[in-house]
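Please read the structure below before turning to the comments.
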Amino acid sequence: MFRTMMKAKIHRATVTEANLNYVGSITIDQDILDKVDILPNEKVQIVNNNNGARLETYVIPGERGSKVICLNGAAARLVQPGDRVIIMSYALMEEQAARSHKPVVAVLDEENNIVEMLGEEVHGTVLV
C-alpha cells in the first residue's frame, strides 16, 4: 500500500505579489525551495491563512534571495499581497517508509526569511 505523506512545508510565507495575467503557478525564491527540497514544476497545495482559500498548482523558481512568493494566473484571485500562506508538497511512499518519514518544515517571518527549520511538525504546538 502507498500513502500520500507531507514531504515539505513552507509555513506562513507572506505573499509578495499576485499576478493575474501570468500563465498560472506559484513563484517561490529558489533559496527557499532548496531548503525544503521542492523542485521546479512540483505540485504544491497552498492554504491562505487570511481567507481560508485552498488551491493546488505547480512551482516556478524565483530569483535567489528575492524572498518572492507570487501567486500567478487564476490563483491570484485567491490571495492578496501581504496574505500569509502555507505551501505544502506531498510524496507517495510505501507503508514502511511512510511510518518513519519526517517532513521538512521551513518557518518564515513576515519578510519571508527562514527563521526556523523543523525536521518534523511539532504536534500540539502552534507555529506563528
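Residues are named by chain letter and number: chains run A, B, ... in the order of the C-alpha cells, numbers start at 1 in each chain, and ligands are numbered from 1 in the order shown.
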For range 61-69 of chain A, list every protein, DNA or RNA residue within 6 Å, evaluated using only C-alpha atoms, and leave out those in the same chain fewer than 6 positions away; present the list as a list of chain:residue names.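 Listed by chain and then number, they are A:Val15, A:Thr16, A:Thr27, A:Ile28, A:Asp29, A:Gln30, A:Asp31, A:Pro40, A:Asn112.
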Give the answer as one residue: which of A:Met88, A:Asn41, A:Ile10, A:Val23 has the shortest atom-to-atom distance to Ala76 in chain A, using only C-alpha atoms?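 Using only C-alpha atoms, the shortest distance to Ala76 in chain A belongs to A:Val23.
Take CA of Ala106 in chain A and CA of Met1 in chain A: the distance between them is 28.9 Å.
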Quick check for you: according to DSSP on this backbone, which residues of chain A are classed as strand (DSSP E or B)? Reply as a PyMOL selection string. chain A and resi 2-14+17-19+25-29+43-48+54-62+69-72+84-94+104-108+114-118
Given only C-alpha atoms as the counted atoms, nearest of A:Cys70, A:Gly119, A:Leu55, A:Asn49 to His101 in chain A: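 Ranking A:Cys70, A:Gly119, A:Leu55, A:Asn49 by distance to His101 in chain A, first place goes to A:Gly119.
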Backbone-only DSSP, alpha helix (DSSP H) members of chain A, as a list in words: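 Restricting chain A to alpha helix (DSSP H) produces Gln30, Asp31, Ile32, Leu33, Asp34, Lys35, Val36, Glu95, Gln96, Ala97, Ala98, Arg99 and Ser100 of chain A.
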Using only C-alpha atoms, which of A:Ile26, A:Met5, A:Val36, A:Ala74 sits nearest Thr57 in chain A?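 Answer, going by the shortest atom-to-atom distance: A:Ile26.
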Which of these residues is nearest to Lys9 in chain A, using only C-alpha atoms: A:Gln80, A:Asn72, A:Ser89, A:Asn21?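 Among the listed residues, the smallest separation from Lys9 in chain A belongs to A:Ser89.
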Hey, what's within 12 Å of Lys43 in chain A if we count only C-alpha atoms and toss same-chain stuff fewer than 5 positions away? As a count of residues only, please? 17
Which polymer residues have any atom within 7 Å of an atom of range 93-95 of chain A, counting only C-alpha atoms, with same-chain residues fewer than 5 positions away left out, as a ChimeraX atom specification? /A:1-4
File of the preceding selection, C-alpha atoms, as a short mmCIF file (atom, residue, chain, number, x, y, z; two decimals), in the first residue's frame:
```cif
data_model
loop_
_atom_site.label_atom_id
_atom_site.label_comp_id
_atom_site.auth_asym_id
_atom_site.auth_seq_id
_atom_site.Cartn_x
_atom_site.Cartn_y
_atom_site.Cartn_z
CA MET A 1 0.00 0.00 0.00
CA PHE A 2 1.13 3.53 -0.75
CA ARG A 3 0.37 6.53 1.44
CA THR A 4 0.45 10.20 0.48
#
```
To one decimal place in Å, what is the distance between CA of Ala75 in chain A and CA of Val115 in chain A? 26.5 Å
Tell me, in Å to one decimal, how far CA of Leu108 in chain A is from CA of Arg12 in chain A. 5.9 Å
